[in-house]
Amino acid sequence: MVYDLHIFVCTNERKGNERLSCGETHGLELVAAFKKELKDLNINLKTRANKSGCLGICYFGPTIAIYPEGTFYVGVKVTDVPEIIESHIKTGKKVERLLLKQ
Ligand code: FES
């Protein structure tokens, strides 16, 4: 299957290092939450959630990236997942409060 959107969730774990990494906070829970929300939608969305390595903006994590458009959300919590799915994935309206500020 060819997907229209991929949600990459950073699950990188940098154990023993002072730098924060997403996998040590909520990375794996986020992947599970996105997969569950997408499945529960039960509509014909060609969207897939995947684990990802470091997305390069660790300090603001947990971080996700939505492609092909290249939207980055930071500080994402499991409780934010329904809003991201409902707003961004279903209607294309980005969740402003979670966007990576340039
Ligand atoms: S560890 Fe998640 S963005 Fe680097």
# chains A, B, ... in the order shown; residues from 1 in each chain; ligands from 1
call {"tool": "residues_near_ligand", "arguments": {"ligand": "ligand 1", "cutoff": "9 Å", "atoms": "only C-alpha atoms and all ligand atoms", "output": "PyMOL selection string"}}
result
chain A and resi 9-14+19-24+27+52-64+74
call {"tool": "residues_around", "arguments": {"residues": "Val95 in chain A", "least_positions_apart": "5", "cutoff": "9 Å", "atoms": "only C-alpha atoms", "output": "list in words"}}
result
Tyr73, Glu83, Ile84, Ser87 and His88 of chain A
call {"tool": "write_last_selection", "arguments": {"atoms": "N, CA and C atoms", "output": "PDB file, in the first residue's frame"}}
result
ATOM      1  N   TYR A  73       6.010  18.484  15.210  1.00  0.00           N
ATOM      2  CA  TYR A  73       5.363  18.801  16.483  1.00  0.00           C
ATOM      3  C   TYR A  73       6.309  18.413  17.611  1.00  0.00           C
ATOM      4  N   GLU A  83      -6.174  15.056  19.319  1.00  0.00           N
ATOM      5  CA  GLU A  83      -6.288  16.377  18.682  1.00  0.00           C
ATOM      6  C   GLU A  83      -5.490  16.432  17.380  1.00  0.00           C
ATOM      7  N   ILE A  84      -4.301  15.852  17.377  1.00  0.00           N
ATOM      8  CA  ILE A  84      -3.486  15.846  16.150  1.00  0.00           C
ATOM      9  C   ILE A  84      -4.204  15.055  15.056  1.00  0.00           C
ATOM     10  N   SER A  87      -7.558  17.084  14.088  1.00  0.00           N
ATOM     11  CA  SER A  87      -7.337  18.355  13.425  1.00  0.00           C
ATOM     12  C   SER A  87      -6.428  18.208  12.193  1.00  0.00           C
ATOM     13  N   HIS A  88      -5.223  17.762  12.419  1.00  0.00           N
ATOM     14  CA  HIS A  88      -4.247  17.739  11.327  1.00  0.00           C
ATOM     15  C   HIS A  88      -4.540  16.645  10.302  1.00  0.00           C
TER      16      HIS A  88
END
call {"tool": "residues_around", "arguments": {"residues": "Leu41 in chain A", "least_positions_apart": "4", "cutoff": "12 Å", "atoms": "only C-alpha atoms", "output": "mmCIF file with C-alpha atoms, in the first residue's frame"}}
result
data_model
loop_
_atom_site.group_PDB
_atom_site.id
_atom_site.type_symbol
_atom_site.label_atom_id
_atom_site.label_comp_id
_atom_site.auth_asym_id
_atom_site.auth_seq_id
_atom_site.Cartn_x
_atom_site.Cartn_y
_atom_site.Cartn_z
ATOM 1 C CA PHE A 34 -1.170 7.036 17.109
ATOM 2 C CA LYS A 35 -1.603 3.484 15.806
ATOM 3 C CA LYS A 36 -4.643 2.945 18.028
ATOM 4 C CA GLU A 37 -6.256 6.281 17.096
ATOM 5 C CA LEU A 45 -7.171 7.325 5.583
ATOM 6 C CA LYS A 46 -3.926 6.224 4.021
ATOM 7 C CA THR A 47 -1.885 7.286 7.033
ATOM 8 C CA PRO A 82 -6.537 12.643 19.458
ATOM 9 C CA ILE A 85 -5.470 13.104 14.431
ATOM 10 C CA GLU A 86 -8.750 15.007 14.508
ATOM 11 C CA ILE A 89 -4.831 14.298 9.860
ATOM 12 C CA LYS A 90 -8.577 14.507 9.284
#
call {"tool": "closest_residue", "arguments": {"among": "A:Asn17, A:Val78, A:Met1, A:Ala49", "to": "Leu30 in chain A", "atoms": "only C-alpha atoms"}}
result
A:Val78
call {"tool": "atom_distance", "arguments": {"atom1": "CA of Val81 in chain A", "atom2": "CA of Glu18 in chain A"}}
result
27.3 Å
call {"tool": "select_by_dssp", "arguments": {"residues": "range 36-67 of chain A", "states": "alpha helix (DSSP H)", "output": "JSON, numbers by chain"}}
result
{"A": [36, 37, 38, 39, 40, 41]}
call {"tool": "write_last_selection", "arguments": {"atoms": "N, CA and C atoms", "output": "short mmCIF file (atom, residue, chain, number, x, y, z; two decimals), in the first residue's frame"}}
result
data_model
loop_
_atom_site.label_atom_id
_atom_site.label_comp_id
_atom_site.auth_asym_id
_atom_site.auth_seq_id
_atom_site.Cartn_x
_atom_site.Cartn_y
_atom_site.Cartn_z
N LYS A 36 -3.30 3.26 17.53
CA LYS A 36 -4.64 2.94 18.03
C LYS A 36 -5.66 3.96 17.49
N GLU A 37 -5.32 5.24 17.57
CA GLU A 37 -6.26 6.28 17.10
C GLU A 37 -6.56 6.10 15.61
N LEU A 38 -5.53 5.82 14.82
CA LEU A 38 -5.74 5.64 13.38
C LEU A 38 -6.60 4.42 13.11
N LYS A 39 -6.37 3.36 13.87
CA LYS A 39 -7.16 2.14 13.68
C LYS A 39 -8.62 2.38 14.10
N ASP A 40 -8.78 3.08 15.24
CA ASP A 40 -10.13 3.32 15.75
C ASP A 40 -10.95 4.22 14.84
N LEU A 41 -10.26 5.06 14.07
CA LEU A 41 -10.99 5.95 13.15
C LEU A 41 -11.82 5.15 12.16
#
call {"tool": "closest_residue", "arguments": {"among": "A:Ala33, A:His26, A:Arg48, A:His6", "to": "Phe72 in chain A", "atoms": "only C-alpha atoms"}}
result
A:His6
call {"tool": "atom_distance", "arguments": {"atom1": "CA of Leu99 in chain A", "atom2": "CA of Asn42 in chain A"}}
result
26.4 Å
